[in-house]
Structure formats: structure tokens, C-alpha cells
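Asker: My structure is stored as my_file_28.cif, with mmCIF, C-alpha atoms; chains and numbers go by the auth columns.
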```
data_input
loop_
_atom_site.group_PDB
_atom_site.id
_atom_site.type_symbol
_atom_site.label_atom_id
_atom_site.label_comp_id
_atom_site.label_asym_id
_atom_site.label_seq_id
_atom_site.Cartn_x
_atom_site.Cartn_y
_atom_site.Cartn_z
_atom_site.B_iso_or_equiv
_atom_site.auth_seq_id
_atom_site.auth_asym_id
ATOM 1 C CA MET A 1 11.490 46.151 -32.908 0.00 1 X
ATOM 2 C CA ALA A 2 8.502 43.812 -32.400 0.00 2 X
ATOM 3 C CA VAL A 3 5.929 43.830 -35.180 0.00 3 X
ATOM 4 C CA LYS A 4 2.428 44.413 -33.885 0.00 4 X
ATOM 5 C CA TRP A 5 -0.047 41.743 -35.043 0.00 5 X
ATOM 6 C CA ARG A 6 -2.743 43.135 -37.320 0.00 6 X
ATOM 7 C CA ALA A 7 -5.914 41.414 -38.429 0.00 7 X
ATOM 8 C CA PRO A 8 -5.744 40.267 -42.056 0.00 8 X
ATOM 9 C CA TYR A 9 -7.662 42.139 -44.689 0.00 9 X
ATOM 10 C CA ARG A 10 -11.172 40.724 -45.183 0.00 10 X
ATOM 11 C CA SER A 11 -13.176 41.250 -48.300 0.00 11 X
ATOM 12 C CA ASN A 12 -17.008 41.230 -48.195 0.00 12 X
ATOM 13 C CA ASN A 13 -17.166 37.600 -49.341 0.00 13 X
ATOM 14 C CA ALA A 14 -14.320 36.240 -47.183 0.00 14 X
ATOM 15 C CA VAL A 15 -14.971 32.993 -45.293 0.00 15 X
ATOM 16 C CA SER A 16 -14.992 33.551 -41.565 0.00 16 X
ATOM 17 C CA GLN A 17 -14.786 30.898 -38.880 0.00 17 X
ATOM 18 C CA THR A 18 -17.743 30.430 -36.545 0.00 18 X
ATOM 19 C CA PHE A 19 -17.615 28.906 -33.082 0.00 19 X
ATOM 20 C CA ASN A 20 -21.182 27.782 -32.406 0.00 20 X
ATOM 21 C CA ASP A 21 -20.729 24.352 -30.808 0.00 21 X
ATOM 22 C CA GLY A 22 -20.349 25.415 -27.203 0.00 22 X
ATOM 23 C CA LEU A 23 -17.791 26.569 -24.703 0.00 23 X
ATOM 24 C CA ALA A 24 -14.411 24.972 -24.020 0.00 24 X
ATOM 25 C CA SER A 25 -12.589 25.683 -20.775 0.00 25 X
ATOM 26 C CA VAL A 26 -8.817 25.289 -20.945 0.00 26 X
ATOM 27 C CA TYR A 27 -6.925 24.558 -17.727 0.00 27 X
ATOM 28 C CA THR A 28 -3.317 24.386 -16.640 0.00 28 X
ATOM 29 C CA VAL A 29 -2.561 21.078 -14.902 0.00 29 X
ATOM 30 C CA THR A 30 -0.417 21.222 -11.776 0.00 30 X
ATOM 31 C CA ASN A 31 0.488 18.791 -9.007 0.00 31 X
ATOM 32 C CA ALA A 32 -1.420 19.586 -5.810 0.00 32 X
ATOM 33 C CA ALA A 33 -0.310 16.576 -3.764 0.00 33 X
ATOM 34 C CA GLN A 34 1.913 16.864 -0.711 0.00 34 X
ATOM 35 C CA PRO A 35 5.603 16.139 -1.353 0.00 35 X
ATOM 36 C CA GLY A 36 6.295 12.412 -1.404 0.00 36 X
ATOM 37 C CA ARG A 37 2.709 11.443 -2.198 0.00 37 X
ATOM 38 C CA LYS A 38 1.133 10.253 -5.467 0.00 38 X
ATOM 39 C CA PRO A 39 0.546 13.292 -7.703 0.00 39 X
ATOM 40 C CA GLU A 40 -2.930 14.837 -7.668 0.00 40 X
ATOM 41 C CA HIS A 41 -3.781 16.884 -10.703 0.00 41 X
ATOM 42 C CA ALA A 42 -5.204 20.308 -9.928 0.00 42 X
ATOM 43 C CA LEU A 43 -6.782 22.336 -12.703 0.00 43 X
ATOM 44 C CA THR A 44 -6.371 26.105 -12.913 0.00 44 X
ATOM 45 C CA LEU A 45 -8.648 27.837 -15.405 0.00 45 X
ATOM 46 C CA LYS A 46 -6.650 29.523 -18.130 0.00 46 X
ATOM 47 C CA ALA A 47 -9.292 30.572 -20.665 0.00 47 X
ATOM 48 C CA THR A 48 -12.914 29.912 -21.629 0.00 48 X
ATOM 49 C CA LEU A 49 -13.382 29.899 -25.394 0.00 49 X
ATOM 50 C CA CYS A 50 -16.146 29.204 -27.872 0.00 50 X
ATOM 51 C CA PHE A 51 -15.334 26.255 -30.093 0.00 51 X
ATOM 52 C CA ASP A 52 -16.236 24.648 -33.390 0.00 52 X
ATOM 53 C CA GLU A 53 -16.315 20.854 -33.515 0.00 53 X
ATOM 54 C CA ARG A 54 -14.075 19.409 -36.247 0.00 54 X
ATOM 55 C CA ARG A 55 -13.791 15.948 -37.739 0.00 55 X
ATOM 56 C CA VAL A 56 -11.208 13.623 -36.203 0.00 56 X
ATOM 57 C CA GLY A 57 -10.965 11.656 -39.425 0.00 57 X
ATOM 58 C CA VAL A 58 -10.236 7.963 -39.887 0.00 58 X
ATOM 59 C CA GLU A 59 -6.530 8.438 -40.641 0.00 59 X
ATOM 60 C CA ARG A 60 -5.853 10.757 -37.711 0.00 60 X
ATOM 61 C CA PHE A 61 -7.771 8.422 -35.361 0.00 61 X
ATOM 62 C CA TYR A 62 -5.851 5.269 -36.234 0.00 62 X
ATOM 63 C CA GLN A 63 -2.475 7.002 -36.463 0.00 63 X
ATOM 64 C CA SER A 64 -3.029 8.464 -33.021 0.00 64 X
ATOM 65 C CA LYS A 65 -3.850 4.994 -31.693 0.00 65 X
ATOM 66 C CA GLN A 66 -0.526 3.765 -33.080 0.00 66 X
ATOM 67 C CA ALA A 67 1.233 6.586 -31.261 0.00 67 X
ATOM 68 C CA GLN A 68 -0.639 5.714 -28.025 0.00 68 X
ATOM 69 C CA ALA A 69 -2.319 9.132 -28.065 0.00 69 X
ATOM 70 C CA ARG A 70 -5.922 8.149 -28.938 0.00 70 X
ATOM 71 C CA ILE A 71 -7.426 11.364 -30.252 0.00 71 X
ATOM 72 C CA ALA A 72 -11.098 11.489 -29.226 0.00 72 X
ATOM 73 C CA ARG A 73 -12.112 14.811 -30.768 0.00 73 X
ATOM 74 C CA VAL A 74 -10.733 17.897 -32.468 0.00 74 X
ATOM 75 C CA VAL A 75 -12.040 21.354 -31.639 0.00 75 X
ATOM 76 C CA ARG A 76 -11.245 24.719 -33.197 0.00 76 X
ATOM 77 C CA VAL A 77 -10.955 27.667 -30.847 0.00 77 X
ATOM 78 C CA PRO A 78 -10.037 31.305 -31.412 0.00 78 X
ATOM 79 C CA LYS A 79 -6.505 32.289 -30.485 0.00 79 X
ATOM 80 C CA SER A 80 -6.446 33.830 -27.050 0.00 80 X
ATOM 81 C CA ASP A 81 -3.913 35.808 -25.043 0.00 81 X
ATOM 82 C CA ALA A 82 -3.298 32.820 -22.779 0.00 82 X
ATOM 83 C CA PRO A 83 -1.131 30.330 -24.693 0.00 83 X
ATOM 84 C CA ILE A 84 -2.627 26.842 -25.021 0.00 84 X
ATOM 85 C CA LEU A 85 -0.006 24.157 -24.554 0.00 85 X
ATOM 86 C CA GLU A 86 0.198 20.415 -24.995 0.00 86 X
ATOM 87 C CA GLN A 87 -0.838 18.556 -21.827 0.00 87 X
ATOM 88 C CA ASP A 88 -3.285 21.315 -20.814 0.00 88 X
ATOM 89 C CA ALA A 89 -6.709 20.009 -19.778 0.00 89 X
ATOM 90 C CA VAL A 90 -9.936 20.925 -21.575 0.00 90 X
ATOM 91 C CA ARG A 91 -13.581 20.572 -20.548 0.00 91 X
ATOM 92 C CA VAL A 92 -16.400 21.279 -22.996 0.00 92 X
ATOM 93 C CA THR A 93 -20.022 22.172 -22.281 0.00 93 X
ATOM 94 C CA ASP A 94 -21.553 19.162 -24.046 0.00 94 X
ATOM 95 C CA SER A 95 -19.615 16.570 -22.062 0.00 95 X
ATOM 96 C CA ALA A 96 -18.790 15.756 -18.447 0.00 96 X
ATOM 97 C CA LEU A 97 -15.405 14.414 -19.522 0.00 97 X
ATOM 98 C CA THR A 98 -11.977 15.959 -19.125 0.00 98 X
ATOM 99 C CA TYR A 99 -9.674 15.913 -22.124 0.00 99 X
ATOM 100 C CA ARG A 100 -5.934 16.389 -22.531 0.00 100 X
ATOM 101 C CA VAL A 101 -4.532 18.561 -25.313 0.00 101 X
ATOM 102 C CA GLU A 102 -2.323 16.290 -27.424 0.00 102 X
ATOM 103 C CA GLN A 103 -1.593 18.716 -30.262 0.00 103 X
ATOM 104 C CA VAL A 104 -2.069 22.420 -30.965 0.00 104 X
ATOM 105 C CA GLN A 105 -2.111 23.499 -34.606 0.00 105 X
ATOM 106 C CA SER A 106 -2.457 26.992 -35.994 0.00 106 X
ATOM 107 C CA VAL A 107 -5.041 27.244 -38.760 0.00 107 X
ATOM 108 C CA PRO A 108 -4.038 29.252 -41.850 0.00 108 X
ATOM 109 C CA ASP A 109 -6.309 31.332 -44.060 0.00 109 X
ATOM 110 C CA VAL A 110 -9.223 31.753 -41.670 0.00 110 X
ATOM 111 C CA TYR A 111 -10.501 34.755 -39.793 0.00 111 X
ATOM 112 C CA PRO A 112 -10.349 35.245 -36.847 0.00 112 X
ATOM 113 C CA ALA A 113 -7.042 33.516 -36.146 0.00 113 X
ATOM 114 C CA CYS A 114 -7.679 30.197 -34.470 0.00 114 X
ATOM 115 C CA LEU A 115 -6.149 26.956 -33.265 0.00 115 X
ATOM 116 C CA ASP A 116 -7.118 23.311 -33.756 0.00 116 X
ATOM 117 C CA LEU A 117 -6.804 21.320 -30.546 0.00 117 X
ATOM 118 C CA ALA A 118 -6.545 17.536 -30.812 0.00 118 X
ATOM 119 C CA LEU A 119 -7.932 16.119 -27.572 0.00 119 X
ATOM 120 C CA SER A 120 -7.569 12.721 -25.907 0.00 120 X
ATOM 121 C CA CYS A 121 -9.834 11.414 -23.163 0.00 121 X
ATOM 122 C CA VAL A 122 -8.418 11.483 -19.660 0.00 122 X
ATOM 123 C CA ASP A 123 -11.338 9.539 -18.192 0.00 123 X
ATOM 124 C CA GLN A 124 -10.560 5.793 -18.707 0.00 124 X
ATOM 125 C CA ALA A 125 -14.150 4.545 -18.959 0.00 125 X
ATOM 126 C CA ALA A 126 -14.963 7.124 -21.596 0.00 126 X
ATOM 127 C CA GLN A 127 -11.756 6.306 -23.451 0.00 127 X
ATOM 128 C CA GLN A 128 -12.806 2.657 -23.779 0.00 128 X
ATOM 129 C CA ALA A 129 -16.268 3.688 -25.021 0.00 129 X
ATOM 130 C CA THR A 130 -14.642 5.978 -27.612 0.00 130 X
ATOM 131 C CA GLU A 131 -12.487 3.119 -28.909 0.00 131 X
ATOM 132 C CA GLU A 132 -15.453 0.747 -29.163 0.00 132 X
ATOM 133 C CA GLY A 133 -17.491 3.357 -31.040 0.00 133 X
ATOM 134 C CA GLY A 134 -14.754 4.034 -33.597 0.00 134 X
ATOM 135 C CA GLY A 135 -14.274 7.697 -32.695 0.00 135 X
ATOM 136 C CA GLY A 136 -14.688 10.849 -34.806 0.00 136 X
ATOM 137 C CA ASN A 137 -17.455 11.947 -37.147 0.00 137 X
ATOM 138 C CA GLY A 138 -15.994 10.462 -40.354 0.00 138 X
ATOM 139 C CA MET B 1 -12.200 9.717 3.153 0.00 1 K
ATOM 140 C CA ALA B 2 -8.419 10.059 2.703 0.00 2 K
ATOM 141 C CA ASP B 3 -6.286 6.944 3.064 0.00 3 K
ATOM 142 C CA THR B 4 -4.214 6.711 6.268 0.00 4 K
ATOM 143 C CA VAL B 5 -0.496 6.809 5.523 0.00 5 K
ATOM 144 C CA PRO B 6 1.242 3.790 7.111 0.00 6 K
ATOM 145 C CA ALA B 7 4.138 4.419 9.467 0.00 7 K
ATOM 146 C CA TRP B 8 6.673 2.878 7.088 0.00 8 K
ATOM 147 C CA ALA B 9 5.491 5.202 4.298 0.00 9 K
ATOM 148 C CA GLU B 10 5.793 8.206 6.589 0.00 10 K
ATOM 149 C CA THR B 11 9.406 7.199 7.266 0.00 11 K
ATOM 150 C CA ILE B 12 10.161 6.855 3.578 0.00 12 K
ATOM 151 C CA ILE B 13 8.448 10.145 2.711 0.00 13 K
ATOM 152 C CA ALA B 14 10.293 11.926 5.510 0.00 14 K
ATOM 153 C CA ALA B 15 13.623 10.503 4.333 0.00 15 K
ATOM 154 C CA HIS B 16 12.997 11.819 0.818 0.00 16 K
ATOM 155 C CA THR B 17 11.512 15.203 1.745 0.00 17 K
ATOM 156 C CA ALA B 18 14.525 15.854 3.986 0.00 18 K
ATOM 157 C CA VAL B 19 16.439 16.184 0.702 0.00 19 K
ATOM 158 C CA THR B 20 13.808 17.926 -1.445 0.00 20 K
ATOM 159 C CA ASP B 21 10.071 18.446 -1.933 0.00 21 K
ATOM 160 C CA ALA B 22 10.332 17.259 -5.538 0.00 22 K
ATOM 161 C CA VAL B 23 9.266 13.742 -4.594 0.00 23 K
ATOM 162 C CA SER B 24 6.355 11.672 -5.789 0.00 24 K
ATOM 163 C CA HIS B 25 4.918 8.252 -5.061 0.00 25 K
ATOM 164 C CA SER B 26 4.516 5.855 -8.006 0.00 26 K
ATOM 165 C CA GLU B 27 3.918 8.443 -10.735 0.00 27 K
ATOM 166 C CA PHE B 28 6.450 10.545 -12.592 0.00 28 K
ATOM 167 C CA LEU B 29 6.480 14.310 -12.214 0.00 29 K
ATOM 168 C CA LYS B 30 6.764 16.837 -15.020 0.00 30 K
ATOM 169 C CA SER B 31 10.110 18.065 -13.817 0.00 31 K
ATOM 170 C CA GLU B 32 13.754 17.904 -14.770 0.00 32 K
ATOM 171 C CA ARG B 33 14.900 16.885 -11.301 0.00 33 K
ATOM 172 C CA TYR B 34 12.852 14.743 -8.946 0.00 34 K
ATOM 173 C CA PHE B 35 12.618 11.531 -6.920 0.00 35 K
ATOM 174 C CA VAL B 36 9.938 8.921 -7.417 0.00 36 K
ATOM 175 C CA TRP B 37 9.577 6.069 -4.936 0.00 37 K
ATOM 176 C CA ASP B 38 7.467 2.948 -4.887 0.00 38 K
ATOM 177 C CA GLU B 39 7.023 -0.073 -2.653 0.00 39 K
ATOM 178 C CA ASP B 40 7.399 -3.430 -4.387 0.00 40 K
ATOM 179 C CA GLY B 41 7.477 -6.199 -1.778 0.00 41 K
ATOM 180 C CA ALA B 42 8.102 -7.320 1.743 0.00 42 K
ATOM 181 C CA ASN B 43 10.857 -8.996 3.715 0.00 43 K
ATOM 182 C CA ASP B 44 9.046 -10.106 6.863 0.00 44 K
ATOM 183 C CA LEU B 45 10.717 -12.070 9.645 0.00 45 K
ATOM 184 C CA GLY B 46 8.879 -15.337 10.221 0.00 46 K
ATOM 185 C CA ALA B 47 8.964 -16.767 13.740 0.00 47 K
ATOM 186 C CA ASN B 48 6.631 -19.102 15.601 0.00 48 K
ATOM 187 C CA ASN B 49 4.600 -19.512 12.375 0.00 49 K
ATOM 188 C CA VAL B 50 3.661 -15.834 12.274 0.00 50 K
ATOM 189 C CA HIS B 51 5.072 -12.684 10.668 0.00 51 K
ATOM 190 C CA ALA B 52 6.945 -11.477 13.722 0.00 52 K
ATOM 191 C CA GLU B 53 8.435 -8.410 12.033 0.00 53 K
ATOM 192 C CA HIS B 54 7.118 -6.624 8.952 0.00 54 K
ATOM 193 C CA ALA B 55 9.518 -4.928 6.575 0.00 55 K
ATOM 194 C CA VAL B 56 8.520 -3.246 3.339 0.00 56 K
ATOM 195 C CA SER B 57 10.932 -3.143 0.427 0.00 57 K
ATOM 196 C CA GLY B 58 10.892 -0.669 -2.400 0.00 58 K
ATOM 197 C CA THR B 59 12.826 1.405 -4.852 0.00 59 K
ATOM 198 C CA THR B 60 13.625 5.051 -5.325 0.00 60 K
ATOM 199 C CA GLU B 61 14.591 6.626 -8.619 0.00 61 K
ATOM 200 C CA LEU B 62 16.135 10.019 -9.209 0.00 62 K
ATOM 201 C CA PHE B 63 15.650 11.632 -12.608 0.00 63 K
ATOM 202 C CA THR B 64 17.986 14.576 -13.059 0.00 64 K
ATOM 203 C CA LYS B 65 19.750 16.483 -15.801 0.00 65 K
ATOM 204 C CA ARG B 66 22.628 17.444 -13.511 0.00 66 K
ATOM 205 C CA GLU B 67 25.775 15.475 -14.184 0.00 67 K
ATOM 206 C CA PHE B 68 26.925 15.051 -10.536 0.00 68 K
ATOM 207 C CA ASP B 69 23.773 15.744 -8.610 0.00 69 K
ATOM 208 C CA PRO B 70 24.341 16.354 -4.847 0.00 70 K
ATOM 209 C CA TRP B 71 20.969 14.762 -4.134 0.00 71 K
ATOM 210 C CA VAL B 72 22.553 11.347 -4.790 0.00 72 K
ATOM 211 C CA LYS B 73 24.779 11.595 -1.731 0.00 73 K
ATOM 212 C CA ALA B 74 22.154 13.469 0.266 0.00 74 K
ATOM 213 C CA LEU B 75 19.568 10.717 -0.108 0.00 75 K
ATOM 214 C CA GLY B 76 21.960 8.078 1.256 0.00 76 K
ATOM 215 C CA LYS B 77 22.660 10.237 4.280 0.00 77 K
ATOM 216 C CA SER B 78 18.959 10.830 4.804 0.00 78 K
ATOM 217 C CA PHE B 79 18.193 7.102 4.601 0.00 79 K
ATOM 218 C CA ASN B 80 20.855 6.507 7.280 0.00 80 K
ATOM 219 C CA ALA B 81 19.390 9.210 9.482 0.00 81 K
ATOM 220 C CA HIS B 82 15.867 7.755 9.222 0.00 82 K
ATOM 221 C CA GLY B 83 16.868 4.143 9.846 0.00 83 K
ATOM 222 C CA VAL B 84 16.197 2.916 6.304 0.00 84 K
ATOM 223 C CA ALA B 85 18.341 0.042 5.023 0.00 85 K
ATOM 224 C CA TRP B 86 19.427 0.879 1.500 0.00 86 K
ATOM 225 C CA SER B 87 21.747 0.131 -1.376 0.00 87 K
ATOM 226 C CA TYR B 88 22.602 2.195 -4.432 0.00 88 K
ATOM 227 C CA ASP B 89 21.563 0.322 -7.578 0.00 89 K
ATOM 228 C CA GLY B 90 23.449 2.363 -10.151 0.00 90 K
ATOM 229 C CA CYS B 91 22.981 5.074 -12.721 0.00 91 K
ATOM 230 C CA THR B 92 21.934 5.056 -16.369 0.00 92 K
ATOM 231 C CA TYR B 93 22.188 7.976 -18.765 0.00 93 K
ATOM 232 C CA GLU B 94 19.178 8.159 -21.129 0.00 94 K
ATOM 233 C CA GLU B 95 20.457 9.677 -24.358 0.00 95 K
ATOM 234 C CA ASP B 96 17.055 10.386 -25.893 0.00 96 K
ATOM 235 C CA THR B 97 15.816 12.436 -22.909 0.00 97 K
ATOM 236 C CA GLY B 98 19.083 13.699 -21.409 0.00 98 K
ATOM 237 C CA PHE B 99 18.207 12.401 -17.953 0.00 99 K
ATOM 238 C CA TYR B 100 20.557 10.700 -15.523 0.00 100 K
ATOM 239 C CA HIS B 101 18.527 7.933 -13.903 0.00 101 K
ATOM 240 C CA HIS B 102 19.782 6.848 -10.451 0.00 102 K
ATOM 241 C CA SER B 103 18.211 3.950 -8.516 0.00 103 K
ATOM 242 C CA TRP B 104 18.201 2.788 -4.926 0.00 104 K
ATOM 243 C CA LEU B 105 16.797 -0.298 -3.240 0.00 105 K
ATOM 244 C CA TRP B 106 15.556 0.076 0.326 0.00 106 K
ATOM 245 C CA GLU B 107 13.848 -1.709 3.157 0.00 107 K
ATOM 246 C CA VAL B 108 12.071 -0.161 6.101 0.00 108 K
ATOM 247 C CA VAL B 109 10.415 -1.667 9.162 0.00 109 K
#
```
Any chance you could put this one into C-alpha cells?

Answerer:
Amino acid sequence: MAVKWRAPYRSNNAVSQTFNDGLASVYTVTNAAQPGRKPEHALTLKATLCFDERRVGVERFYQSKQAQARIARVVRVPKSDAPILEQDAVRVTDSALTYRVEQVQSVPDVYPACLDLALSCVDQAAQQATEEGGGGNG
Amino acid sequence: MADTVPAWAETIIAAHTAVTDAVSHSEFLKSERYFVWDEDGANDLGANNVHAEHAVSGTTELFTKREFDPWVKALGKSFNAHGVAWSYDGCTYEEDTGFYHHSWLWEVV
């Protein structure tokens, strides 16, 4: 029998997670090109979530460069009914860029339940600017 | 404004889509069974110091997880039906991904 998910117990002084840095729209990426033609990526909105900006960190940034992933930013979003998968696209309110989800990590010991999304730039010009600037907040 | 598809490309696309719609040009698809084709050169006929006939050469690759995929034979038949000169360039099994990788070389006027 499936166990129904219940919110964890919160005491009066428990740390809760805020999401005050804007809105992140998560999209499914599909191929909209005609058969035989070069693929054209079409975005279908999956969920719009508030997010909290997180540090990329020096180690994560350079390790992702070694793996050819190039993490540009990390955002924390609340868990939603729509599953967020690797290779989904994300757009955030403070940027005109489109990002790709490289990694989804569940965050323990916070309330409400949330996910950390490691994002890489899809836009090539912005990707080069991110590399020149060093990336991340740390 | 959308690019006009050249006649040779229409022939190649038609030859592939006669087998399946899981076909893409140049870029890989997120699929476990698909063709990807790409042009890579020319084999023009030179006569009287001009290119008297233009022929485009290219390759097609099939990525599939099926051991004896019927699309292999079907593509050859489709190339014949569409007047595309072709040769089968072999198959490689990629152990890390589990894909069978078939290749063809073709030329079309």
C-alpha cells in the first residue's frame, strides 16, 4: 500500500526555506521540426515556481567545466507535482537567458521540501560571458 | 524567413521519411531508434570547364537498440526507389550506450 507523504513536524524555531529571488519557469523540451530536418527545440511549460538563488561555488564550477557541463547558476525551488528532469529548460525572471537543467538534487532537512537545480546556459554568447566572469557568487 | 530546401535535400528527406519519421538533419535526437543524415561534400561532373552536373554526397547513421533492425534493409530499398546512389558502411555496437550504430554513404544529384 502506498504511503501518503506527510509534511515533517516543525517546531516554532525550525528553519524554513524562503523563495524570494523571483520566478522560475520550467519547460519540457521537445523536437518541433518536421521529420528529416534539423531539430527545433519547442518548450512546453511544465511549472512556474518561486526560487531561491544559491551559490555555485568554486569547486562545483570548475568540476562542471571539466565534465563539459558548465554550471552557470544553482537555484532552489519547492518540490512540485510536475517532476523536474535533467535536460528540462528553465527561464528565470531576472534574466532573458534560457538554461538547461544539468542536475536535480533533493534537499534534506528543510521545509517545505525542495530541489536544487544546477543550471547551464543554453545561449552561447551568455555562456562565454559566464566563463570570462568566473561564474557563481563565491 | 525560412530557408528553401534544395531539391537534393528533399530527395534525401523523402527517402528517409519513407522508412520512418524519426529522422533528423545534422543533430542527434533524444530517442532510442532514429536516423540522422548530413551532407559532407560534392562529386560534381566537370565538363567544358564548368560543373556540368552537381551531385551532393553525405552520410546517414542509424542509432538503434534493436539487434536486427528492419530499418537497415528498408533504407536501402528506399534509396533505390528514390534514385539515391548508396553503399552500406557497416555497423558498430557501442557497449557503453547499448546502441547499434549503422552507417551509409550516399550521393544524390

Asker: Which chain X residues have any atom within 10 Å of an atom of chain K, and for each, what is the nearest pair of atoms with distance in Å to one decimal, counting all atoms listed in the file, rows sorted by chain and number, as a tab-separated table?

Answerer:
```
residue	atom	partner	partner_atom	distance
X:Thr30	CA	K:Lys30	CA	9.0
X:Asn31	CA	K:Leu29	CA	8.1
X:Ala33	CA	K:Ser24	CA	8.5
X:Gln34	CA	K:Asp21	CA	8.4
X:Pro35	CA	K:Asp21	CA	5.1
X:Gly36	CA	K:Ser24	CA	4.4
X:Arg37	CA	K:His25	CA	4.8
X:Lys38	CA	K:His25	CA	4.3
X:Pro39	CA	K:Ser24	CA	6.3
X:Glu40	CA	K:Glu27	CA	9.9
```

Asker: Dump C-alpha atoms for the selected residues as a CSV table (one decimal), in the frame of the given file?

Answerer:
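Once everything was written out, this is part.csv:
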```csv
chain,number,residue,atom,x,y,z
X,30,THR,CA,-0.4,21.2,-11.8
X,31,ASN,CA,0.5,18.8,-9.0
X,33,ALA,CA,-0.3,16.6,-3.8
X,34,GLN,CA,1.9,16.9,-0.7
X,35,PRO,CA,5.6,16.1,-1.4
X,36,GLY,CA,6.3,12.4,-1.4
X,37,ARG,CA,2.7,11.4,-2.2
X,38,LYS,CA,1.1,10.3,-5.5
X,39,PRO,CA,0.5,13.3,-7.7
X,40,GLU,CA,-2.9,14.8,-7.7
```

Asker: Using all atoms listed in the file, which residues sit within 12 Å of K:Glu67 once same-chain residues fewer than 6 positions away are excluded, as a PyMOL selection string?

Answerer: chain K and resi 33+91-93+98-102

Asker: For atom CA of X:Lys65 and atom CA of X:Thr28, quote the distance in Å rounded to one decimal.

Answerer: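 Computed distance, atom CA of X:Lys65 to atom CA of X:Thr28, equals 24.6 Å.
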
Asker: List, as a ChimeraX atom specification, every residue that the PyMOL selection byres ((chain X and resi 27) around 8) selects in the file provided.

Answerer: /X:25-26,28-29,43-47,88-90

Asker: Env of X:Ser95: 12 Å cut, atoms = all atoms listed in the file, seq-sep filter 3 positions within chain, self excluded. Answer as JSON, numbers by chain.

Answerer: {"X": [21, 22, 23, 24, 25, 73, 90, 91, 92, 98, 99, 121, 123, 126]}

Asker: Atom CA of K:Trp8 and atom CA of K:Val56 are how many Å apart?

Answerer: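 Result for atom CA of K:Trp8 versus atom CA of K:Val56: 7.4 Å, one decimal.
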
Asker: Find, counting all atoms listed in the file, the residue in X:Ala67, X:Leu115, X:Cys50, X:Val122 that gets nearest to X:Leu85.

Answerer: X:Leu115

Asker: Between K:Ala18, K:Ala7, K:Val72, K:Leu105, single out the one closest to K:His54, counting all atoms listed in the file.

Answerer: K:Ala7

Asker: Which residue, X:Ala42, X:Arg76, X:Met1, X:Asn20, has the smallest gap to X:Val56 when you use only C-alpha atoms?

Answerer: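 Selected residue with least distance to X:Val56: X:Arg76.
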
Asker: What gap, in Å, lies between atom CA of X:Tyr111 and atom CA of X:Ser16?

Answerer: 5.0 Å

Asker: Return the single residue from K:Thr4, K:Thr64, K:Ser87, K:Ser57 that is closest to K:Glu32, with distances computed using only C-alpha atoms.

Answerer: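 For K:Glu32, the nearest of the candidates is K:Thr64.
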